[in-house]
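Colleague: Here you go, one structure.
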Amino acid sequence: MNNSAKDFSWVGSQEDFVDKPNILQLNHILVGRYGGNSNAGQYKNEDGCLVWYNEKEDWEFVILLDAHNTSESTKIMIEQFDKEENDIKDLLSLSANQPTFKKLEDKILNMFQSVEFLSVCREVKGETACLIVVRKDKYVWWFSVGDCILCLFHQELAALGQYQLNQRQFYEWIGQVNTFEQEVPCYTVGRKELRQGENHLFLTTDGLIECPNEPYSNSKDIYNVVNNMNDDESNIWSMLMNIRNNDVRDSTTIVSWKINISKVATIPSDQ
């Protein structure tokens, strides 16, 4: 593997970060983790994430997972993607165009619908929400099952009131209860052209959004924090400390990074 490619994965059962906010820097990507407050009744962390990036080929690939009951479903998801890593990275090395993203979607669907994976899911206790995000060139693509959120912060979009890319979907999971066991699997896929200049991609599980007193229930509230003059790590740290001070029970995992796009983005014909 070349030096510009890096991998990271974590499951909450490995280290739970209960009462202990943590931020990890992976090159230009920040991973924030907080397991929740033990005084609010928390004693485990069922989140997980996987981060791959390749600067030379100009992409990031991130999976954010938020399970319940146990972290078993999170673990099997990461194992599944580890198994298919070479195939997925081959697709990510292709040009950023419509056929590439279609191939990526087909690949992920084939993984989730394979007889082997469905069989493994039936054996686990609990199920997980899953958000997969790819940034390649000036595009971001996502595949979402459940209620994790993906935000794109850019001043041109913020001026029009757009902060969040996907919509949270409830009663969708992969695992013991599995949307891919249905006659019609339910998930959402989307893609978005990044704007010229600095784009900030921000993924989070619902612990941040559903914290008591709701300091971050609206993605605009998150934007207002990350858009201040402090460095990104300080901004994420302040959010983790704030949810801790608000007695959050649910765990929170954040993956955040900025990308500068030099290419011109689409504008209206009359501008």
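In the structure tokens, each chain is lettered A, B, ... as it comes, each chain's residues begin at 1, and ligands are numbered from 1 in order of appearance.
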Excluding Asp221 (chain A) and its own-chain neighbours fewer than 5 positions away, which residues fall within 12 Å of it when counting only C-alpha atoms? Please give them as a ChimeraX atom specification.

Modeller: /A:151,153,158,161,163-164,208-209,214-216,226-228,239

Colleague: Please produce an output containing C-alpha atoms for each residue in the selection, written as a compact mmCIF listing (two decimals), in the first residue's frame.

Modeller:
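Written out: selection.txt:
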```txt
# COMPACT_ATOMS: atom_id res chain seq x y z
CA CYS A 151 -23.57 17.64 7.23
CA PHE A 153 -20.80 23.14 5.83
CA ALA A 158 -25.18 28.20 4.88
CA GLY A 161 -29.94 27.62 5.12
CA TYR A 163 -26.34 22.43 6.48
CA GLN A 164 -27.39 18.79 6.40
CA LEU A 208 -24.85 14.59 19.85
CA ILE A 209 -28.26 15.48 18.41
CA GLU A 214 -30.67 19.81 22.87
CA PRO A 215 -27.63 22.05 22.32
CA TYR A 216 -27.08 20.48 18.88
CA VAL A 226 -17.50 24.57 13.97
CA ASN A 227 -17.60 27.84 12.06
CA ASN A 228 -16.01 29.90 14.82
CA MET A 239 -19.10 19.95 21.78
```

Colleague: Write out as number ranges by chain each polymer residue whose atoms come within 7 Å of region 244-259 of chain A, counting only C-alpha atoms; drop sequence neighbours fewer than 2 positions from it.

Modeller: A: 28-37, 40-42, 45, 47, 198-208, 211-213, 240-242, 261

Colleague: Smallest atom-to-atom distance to Leu94 (chain A): which of A:Trp173, A:Phe17, A:Trp59, A:Phe143, using only C-alpha atoms?

Modeller: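 For Leu94 (chain A), the nearest of the given residues is A:Trp59.
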
Colleague: For region 89-129 of chain A against region 176-184 of chain A, with a cut-off of 10 Å and counting only C-alpha atoms, what is the closest atom pair and its distance in Å to one decimal for every residue that makes the cut, ordered by chain and number, as a tab-separated table?

Modeller:
```
residue	atom	partner	partner_atom	distance
A:Leu109	CA	A:Phe180	CA	8.9
A:Phe112	CA	A:Phe180	CA	6.8
A:Gln113	CA	A:Phe180	CA	6.2
A:Ser114	CA	A:Phe180	CA	9.5
A:Leu118	CA	A:Glu181	CA	7.5
A:Ser119	CA	A:Gln176	CA	9.8
A:Val120	CA	A:Gln176	CA	9.0
A:Cys121	CA	A:Gln176	CA	5.5
A:Arg122	CA	A:Gln176	CA	5.0
A:Glu123	CA	A:Gln176	CA	6.9
A:Val124	CA	A:Gln176	CA	5.7
A:Lys125	CA	A:Gln176	CA	5.9
A:Gly126	CA	A:Gln176	CA	5.3
A:Glu127	CA	A:Gln176	CA	5.4
A:Thr128	CA	A:Val177	CA	8.7
```

Colleague: I need the residues from that last selection saved to file as a short mmCIF file (atom, residue, chain, number, x, y, z; two decimals), in the first residue's frame (with all heavy atoms), if you can.

Modeller:
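Generated output (again.cif):
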```
data_model
loop_
_atom_site.label_atom_id
_atom_site.label_comp_id
_atom_site.auth_asym_id
_atom_site.auth_seq_id
_atom_site.Cartn_x
_atom_site.Cartn_y
_atom_site.Cartn_z
N LEU A 109 -24.47 -2.84 -2.10
CA LEU A 109 -25.71 -3.61 -2.09
C LEU A 109 -25.44 -5.11 -2.18
O LEU A 109 -26.06 -5.91 -1.47
CB LEU A 109 -26.62 -3.17 -3.24
CG LEU A 109 -27.37 -1.86 -3.03
CD1 LEU A 109 -28.13 -1.49 -4.29
CD2 LEU A 109 -28.33 -1.96 -1.86
N PHE A 112 -24.29 -6.32 1.24
CA PHE A 112 -25.35 -6.40 2.25
C PHE A 112 -26.39 -7.48 1.93
O PHE A 112 -27.07 -7.96 2.83
CB PHE A 112 -26.04 -5.04 2.40
CG PHE A 112 -25.19 -3.99 3.08
CD1 PHE A 112 -25.43 -2.64 2.87
CD2 PHE A 112 -24.15 -4.35 3.93
CE1 PHE A 112 -24.67 -1.66 3.50
CE2 PHE A 112 -23.37 -3.38 4.56
CZ PHE A 112 -23.63 -2.03 4.35
N GLN A 113 -26.52 -7.81 0.65
CA GLN A 113 -27.54 -8.78 0.25
C GLN A 113 -26.97 -10.18 0.03
O GLN A 113 -27.71 -11.08 -0.35
CB GLN A 113 -28.24 -8.29 -1.02
CG GLN A 113 -29.07 -7.03 -0.74
CD GLN A 113 -29.71 -6.46 -2.00
OE1 GLN A 113 -29.04 -6.24 -3.00
NE2 GLN A 113 -31.00 -6.21 -1.96
N SER A 114 -25.68 -10.35 0.27
CA SER A 114 -25.07 -11.67 0.05
C SER A 114 -25.63 -12.66 1.06
O SER A 114 -25.92 -12.31 2.21
CB SER A 114 -23.55 -11.60 0.16
OG SER A 114 -23.15 -11.46 1.50
N LEU A 118 -26.06 -12.00 5.18
CA LEU A 118 -27.40 -12.08 5.79
C LEU A 118 -27.43 -13.15 6.87
O LEU A 118 -28.05 -12.99 7.93
CB LEU A 118 -28.45 -12.36 4.72
CG LEU A 118 -28.74 -11.20 3.75
CD1 LEU A 118 -29.65 -11.66 2.63
CD2 LEU A 118 -29.34 -10.00 4.47
N SER A 119 -26.73 -14.24 6.61
CA SER A 119 -26.67 -15.34 7.58
C SER A 119 -25.93 -14.91 8.85
O SER A 119 -26.36 -15.21 9.97
CB SER A 119 -25.97 -16.53 6.92
OG SER A 119 -25.63 -17.49 7.86
N VAL A 120 -24.83 -14.20 8.69
CA VAL A 120 -24.07 -13.68 9.84
C VAL A 120 -24.94 -12.72 10.66
O VAL A 120 -24.95 -12.76 11.90
CB VAL A 120 -22.77 -12.97 9.36
CG1 VAL A 120 -22.10 -12.23 10.51
CG2 VAL A 120 -21.80 -13.97 8.75
N CYS A 121 -25.69 -11.86 9.96
CA CYS A 121 -26.55 -10.88 10.65
C CYS A 121 -27.59 -11.56 11.53
O CYS A 121 -27.91 -11.07 12.62
CB CYS A 121 -27.27 -10.00 9.63
SG CYS A 121 -26.20 -8.77 8.85
N ARG A 122 -28.12 -12.68 11.08
CA ARG A 122 -29.17 -13.38 11.85
C ARG A 122 -28.64 -13.91 13.18
O ARG A 122 -29.40 -14.15 14.10
CB ARG A 122 -29.75 -14.53 11.02
CG ARG A 122 -30.60 -14.08 9.87
CD ARG A 122 -31.15 -15.25 9.05
NE ARG A 122 -31.44 -14.80 7.69
CZ ARG A 122 -30.87 -15.29 6.60
NH1 ARG A 122 -29.99 -16.28 6.69
NH2 ARG A 122 -31.17 -14.80 5.41
N GLU A 123 -27.33 -14.09 13.26
CA GLU A 123 -26.71 -14.69 14.46
C GLU A 123 -26.34 -13.65 15.52
O GLU A 123 -25.98 -14.00 16.63
CB GLU A 123 -25.45 -15.47 14.07
CG GLU A 123 -25.68 -16.61 13.09
CD GLU A 123 -26.71 -17.61 13.60
OE1 GLU A 123 -26.60 -18.02 14.78
OE2 GLU A 123 -27.64 -17.95 12.85
N VAL A 124 -26.36 -12.37 15.16
CA VAL A 124 -25.90 -11.35 16.13
C VAL A 124 -27.05 -10.88 17.00
O VAL A 124 -28.23 -11.04 16.65
CB VAL A 124 -25.23 -10.13 15.45
CG1 VAL A 124 -24.03 -10.53 14.65
CG2 VAL A 124 -26.22 -9.34 14.61
N LYS A 125 -26.68 -10.28 18.12
CA LYS A 125 -27.67 -9.70 19.02
C LYS A 125 -27.66 -8.19 18.80
O LYS A 125 -26.63 -7.54 19.00
CB LYS A 125 -27.32 -10.04 20.46
CG LYS A 125 -28.38 -9.64 21.46
CD LYS A 125 -28.00 -10.10 22.86
CE LYS A 125 -29.08 -9.65 23.85
NZ LYS A 125 -28.67 -9.93 25.23
N GLY A 126 -28.79 -7.65 18.34
CA GLY A 126 -28.87 -6.21 18.10
C GLY A 126 -28.64 -5.85 16.65
O GLY A 126 -28.38 -6.70 15.81
N GLU A 127 -28.77 -4.57 16.37
CA GLU A 127 -28.66 -4.08 14.99
C GLU A 127 -28.09 -2.67 15.01
O GLU A 127 -28.05 -2.02 16.04
CB GLU A 127 -30.03 -4.09 14.30
CG GLU A 127 -31.19 -3.53 15.10
CD GLU A 127 -31.82 -4.56 16.05
OE1 GLU A 127 -31.80 -5.76 15.74
OE2 GLU A 127 -32.29 -4.15 17.12
N THR A 128 -27.66 -2.22 13.83
CA THR A 128 -26.95 -0.93 13.77
C THR A 128 -27.47 -0.04 12.66
O THR A 128 -27.87 -0.53 11.59
CB THR A 128 -25.43 -1.14 13.60
OG1 THR A 128 -24.77 0.13 13.68
CG2 THR A 128 -25.07 -1.79 12.27
#
```

Colleague: Using only C-alpha atoms, find the one residue out of A:Leu104, A:Leu160, A:Leu24, A:Ile174 that sits nearest to Leu92 (chain A).

Modeller: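 Of A:Leu104, A:Leu160, A:Leu24, A:Ile174, the one nearest Leu92 (chain A), counting only C-alpha atoms, is A:Leu104.
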
Colleague: Of the candidates A:Asp19, A:Glu193, A:Glu84, A:Glu46, which one gets nearest to Asn97 (chain A) if we count only C-alpha atoms?

Modeller: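 The shortest atom-to-atom distance to Asn97 (chain A) comes from A:Glu193.
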
Colleague: Between A:Val264, A:Leu131, A:Val11, A:Leu194, which is the closest to Gln167 (chain A) once you count only C-alpha atoms?

Modeller: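 The answer is A:Leu131, which sits nearest to Gln167 (chain A).
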
Colleague: Neighbours of Arg195 (chain A) within 10 Å (only C-alpha atoms; same-chain residues fewer than 3 positions away dropped), as a PyMOL selection string?

Modeller: chain A and resi 138-139+152-157+192+198-199+260-267

Colleague: Grab the residues selected above and save them as a compact mmCIF listing (two decimals), in the first residue's frame with all heavy atoms.

Modeller:
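again17.txt was written with the following content:
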```txt
# COMPACT_ATOMS: atom_id res chain seq x y z
N LYS A 138 -14.55 16.54 -6.51
CA LYS A 138 -15.43 17.59 -5.98
C LYS A 138 -16.84 17.08 -5.67
O LYS A 138 -17.81 17.84 -5.68
CB LYS A 138 -15.50 18.79 -6.93
CG LYS A 138 -16.15 18.54 -8.27
CD LYS A 138 -16.49 19.88 -8.93
CE LYS A 138 -17.22 19.68 -10.24
NZ LYS A 138 -17.77 20.95 -10.75
N TYR A 139 -16.93 15.80 -5.37
CA TYR A 139 -18.24 15.20 -5.07
C TYR A 139 -18.23 14.46 -3.74
O TYR A 139 -17.23 13.87 -3.36
CB TYR A 139 -18.66 14.24 -6.18
CG TYR A 139 -18.80 14.92 -7.51
CD1 TYR A 139 -17.76 14.88 -8.44
CD2 TYR A 139 -19.94 15.66 -7.83
CE1 TYR A 139 -17.86 15.55 -9.65
CE2 TYR A 139 -20.05 16.33 -9.04
CZ TYR A 139 -19.02 16.28 -9.95
OH TYR A 139 -19.12 16.94 -11.13
N LEU A 152 -22.81 19.06 5.46
CA LEU A 152 -21.83 19.72 4.60
C LEU A 152 -21.91 21.21 4.90
O LEU A 152 -22.93 21.85 4.65
CB LEU A 152 -22.13 19.46 3.12
CG LEU A 152 -21.34 20.31 2.11
CD1 LEU A 152 -19.83 20.09 2.25
CD2 LEU A 152 -21.79 20.01 0.68
N PHE A 153 -20.82 21.74 5.46
CA PHE A 153 -20.80 23.14 5.83
C PHE A 153 -19.96 23.93 4.81
O PHE A 153 -18.78 23.64 4.60
CB PHE A 153 -20.20 23.32 7.23
CG PHE A 153 -20.97 22.59 8.31
CD1 PHE A 153 -20.32 21.82 9.26
CD2 PHE A 153 -22.36 22.68 8.37
CE1 PHE A 153 -21.02 21.16 10.26
CE2 PHE A 153 -23.07 22.03 9.37
CZ PHE A 153 -22.40 21.27 10.31
N HIS A 154 -20.60 24.90 4.18
CA HIS A 154 -19.94 25.80 3.24
C HIS A 154 -20.69 27.12 3.29
O HIS A 154 -21.93 27.11 3.37
CB HIS A 154 -19.96 25.22 1.82
CG HIS A 154 -19.19 26.03 0.83
ND1 HIS A 154 -19.64 27.23 0.32
CD2 HIS A 154 -17.97 25.81 0.26
CE1 HIS A 154 -18.73 27.72 -0.53
NE2 HIS A 154 -17.72 26.88 -0.58
N GLN A 155 -19.98 28.23 3.23
CA GLN A 155 -20.64 29.52 3.43
C GLN A 155 -21.75 29.78 2.41
O GLN A 155 -22.78 30.38 2.75
CB GLN A 155 -19.62 30.66 3.44
CG GLN A 155 -18.77 30.75 2.19
CD GLN A 155 -17.63 31.75 2.33
OE1 GLN A 155 -17.21 32.06 3.44
NE2 GLN A 155 -17.12 32.23 1.20
N GLU A 156 -21.57 29.33 1.17
CA GLU A 156 -22.61 29.56 0.15
C GLU A 156 -23.88 28.78 0.48
O GLU A 156 -25.00 29.25 0.25
CB GLU A 156 -22.11 29.15 -1.23
CG GLU A 156 -21.05 30.07 -1.79
CD GLU A 156 -20.50 29.60 -3.13
OE1 GLU A 156 -21.04 28.63 -3.71
OE2 GLU A 156 -19.53 30.21 -3.60
N LEU A 157 -23.71 27.57 0.99
CA LEU A 157 -24.88 26.75 1.36
C LEU A 157 -25.51 27.28 2.64
O LEU A 157 -26.74 27.34 2.77
CB LEU A 157 -24.47 25.29 1.53
CG LEU A 157 -23.91 24.61 0.27
CD1 LEU A 157 -23.42 23.21 0.60
CD2 LEU A 157 -24.96 24.56 -0.83
N LYS A 192 -23.66 14.91 -3.89
CA LYS A 192 -23.70 16.37 -3.86
C LYS A 192 -22.39 16.92 -4.40
O LYS A 192 -21.31 16.44 -4.05
CB LYS A 192 -23.89 16.84 -2.41
CG LYS A 192 -23.88 18.34 -2.18
CD LYS A 192 -25.19 18.97 -2.55
CE LYS A 192 -25.22 20.46 -2.22
NZ LYS A 192 -26.30 21.16 -2.93
N GLU A 198 -13.58 26.15 0.72
CA GLU A 198 -13.50 25.20 1.83
C GLU A 198 -14.85 24.54 2.12
O GLU A 198 -15.84 25.21 2.41
CB GLU A 198 -13.02 25.92 3.09
CG GLU A 198 -12.79 24.97 4.26
CD GLU A 198 -12.29 25.68 5.49
OE1 GLU A 198 -13.12 26.19 6.26
OE2 GLU A 198 -11.06 25.73 5.68
N ASN A 199 -14.87 23.22 2.03
CA ASN A 199 -16.03 22.41 2.37
C ASN A 199 -15.71 21.61 3.62
O ASN A 199 -14.65 21.01 3.71
CB ASN A 199 -16.35 21.44 1.23
CG ASN A 199 -16.79 22.14 -0.05
OD1 ASN A 199 -17.98 22.28 -0.31
ND2 ASN A 199 -15.82 22.59 -0.84
N ASN A 260 -10.51 21.45 0.44
CA ASN A 260 -10.53 22.65 -0.39
C ASN A 260 -10.70 22.26 -1.85
O ASN A 260 -9.94 21.45 -2.38
CB ASN A 260 -9.23 23.45 -0.22
CG ASN A 260 -9.41 24.56 0.80
OD1 ASN A 260 -10.26 25.42 0.63
ND2 ASN A 260 -8.64 24.50 1.87
N ILE A 261 -11.71 22.83 -2.47
CA ILE A 261 -12.01 22.52 -3.87
C ILE A 261 -11.65 23.73 -4.73
O ILE A 261 -12.17 24.84 -4.51
CB ILE A 261 -13.51 22.16 -4.05
CG1 ILE A 261 -13.87 20.94 -3.20
CG2 ILE A 261 -13.84 21.94 -5.52
CD1 ILE A 261 -13.21 19.65 -3.60
N SER A 262 -10.77 23.52 -5.69
CA SER A 262 -10.38 24.64 -6.57
C SER A 262 -11.28 24.74 -7.80
O SER A 262 -11.40 25.80 -8.40
CB SER A 262 -8.92 24.47 -7.02
OG SER A 262 -8.75 23.21 -7.63
N LYS A 263 -11.94 23.63 -8.15
CA LYS A 263 -12.79 23.62 -9.36
C LYS A 263 -14.04 24.48 -9.14
O LYS A 263 -14.57 24.54 -8.04
CB LYS A 263 -13.22 22.20 -9.69
CG LYS A 263 -12.07 21.31 -10.13
CD LYS A 263 -12.54 19.91 -10.45
CE LYS A 263 -11.38 19.05 -10.91
NZ LYS A 263 -11.78 17.66 -11.16
N VAL A 264 -14.49 25.09 -10.20
CA VAL A 264 -15.69 25.91 -10.15
C VAL A 264 -16.91 25.00 -9.96
O VAL A 264 -17.00 23.93 -10.57
CB VAL A 264 -15.83 26.74 -11.45
CG1 VAL A 264 -17.14 27.52 -11.47
CG2 VAL A 264 -14.64 27.68 -11.57
N ALA A 265 -17.85 25.44 -9.13
CA ALA A 265 -19.08 24.67 -8.90
C ALA A 265 -20.21 25.27 -9.73
O ALA A 265 -20.13 26.39 -10.23
CB ALA A 265 -19.44 24.70 -7.42
N THR A 266 -21.30 24.52 -9.85
CA THR A 266 -22.45 24.95 -10.63
C THR A 266 -23.07 26.21 -10.02
O THR A 266 -23.26 26.31 -8.81
CB THR A 266 -23.51 23.83 -10.61
OG1 THR A 266 -22.91 22.64 -11.09
CG2 THR A 266 -24.71 24.17 -11.47
N ILE A 267 -23.41 27.16 -10.92
CA ILE A 267 -24.13 28.37 -10.47
C ILE A 267 -25.28 28.61 -11.46
O ILE A 267 -25.28 28.07 -12.57
CB ILE A 267 -23.22 29.62 -10.41
CG1 ILE A 267 -22.50 29.84 -11.75
CG2 ILE A 267 -22.21 29.51 -9.27
CD1 ILE A 267 -21.82 31.19 -11.85
```

Colleague: When DSSP works through the backbone of this structure, what residues of region 36-261 of chain A end up as alpha helix (DSSP H), shown as a ChimeraX atom specification?

Modeller: /A:72-83,85-92,98-113,115-123,155-158,206-209,219-226,232-245

Colleague: Looking at only C-alpha atoms, which of A:Leu50, A:Ala96, A:Leu165, A:Ile149 is the one that sits closest to Arg135 (chain A)?

Modeller: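 So, comparing all the options, the nearest one is A:Ala96.
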
Colleague: So how far away is CA of Ser95 (chain A) from CA of Cys148 (chain A), in Å?

Modeller: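 CA of Ser95 (chain A) lies 27.6 Å from CA of Cys148 (chain A).
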
Colleague: Write out as a PyMOL selection string all residues of region 146-270 of chain A that backbone DSSP assigns to strand (DSSP E or B).

Modeller: chain A and resi 149-153+164+174-175+188-193+197-204+252-261

Colleague: Please list as a ChimeraX atom specification every residue within 7 Å of Gly146 (chain A), counting only C-alpha atoms and excluding residues in the same chain fewer than 2 positions away.

Modeller: /A:129-130,144,148,168-173

Colleague: Return the single residue from A:Asn27, A:Gly175, A:Glu55, A:Gln271 that is closest to His68 (chain A), with distances computed using only C-alpha atoms.

Modeller: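 Result for the nearest residue to His68 (chain A): A:Gly175.
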
Colleague: Between CA of Glu85 (chain A) and CA of Cys49 (chain A), what distance in Å does the model show, to one decimal?

Modeller: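 We find that CA of Glu85 (chain A) and CA of Cys49 (chain A) lie 14.5 Å from each other.
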
Colleague: What gap, in Å, lies between CA of Glu57 (chain A) and CA of Lys103 (chain A)?

Modeller: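 We find that CA of Glu57 (chain A) and CA of Lys103 (chain A) lie 17.3 Å from each other.
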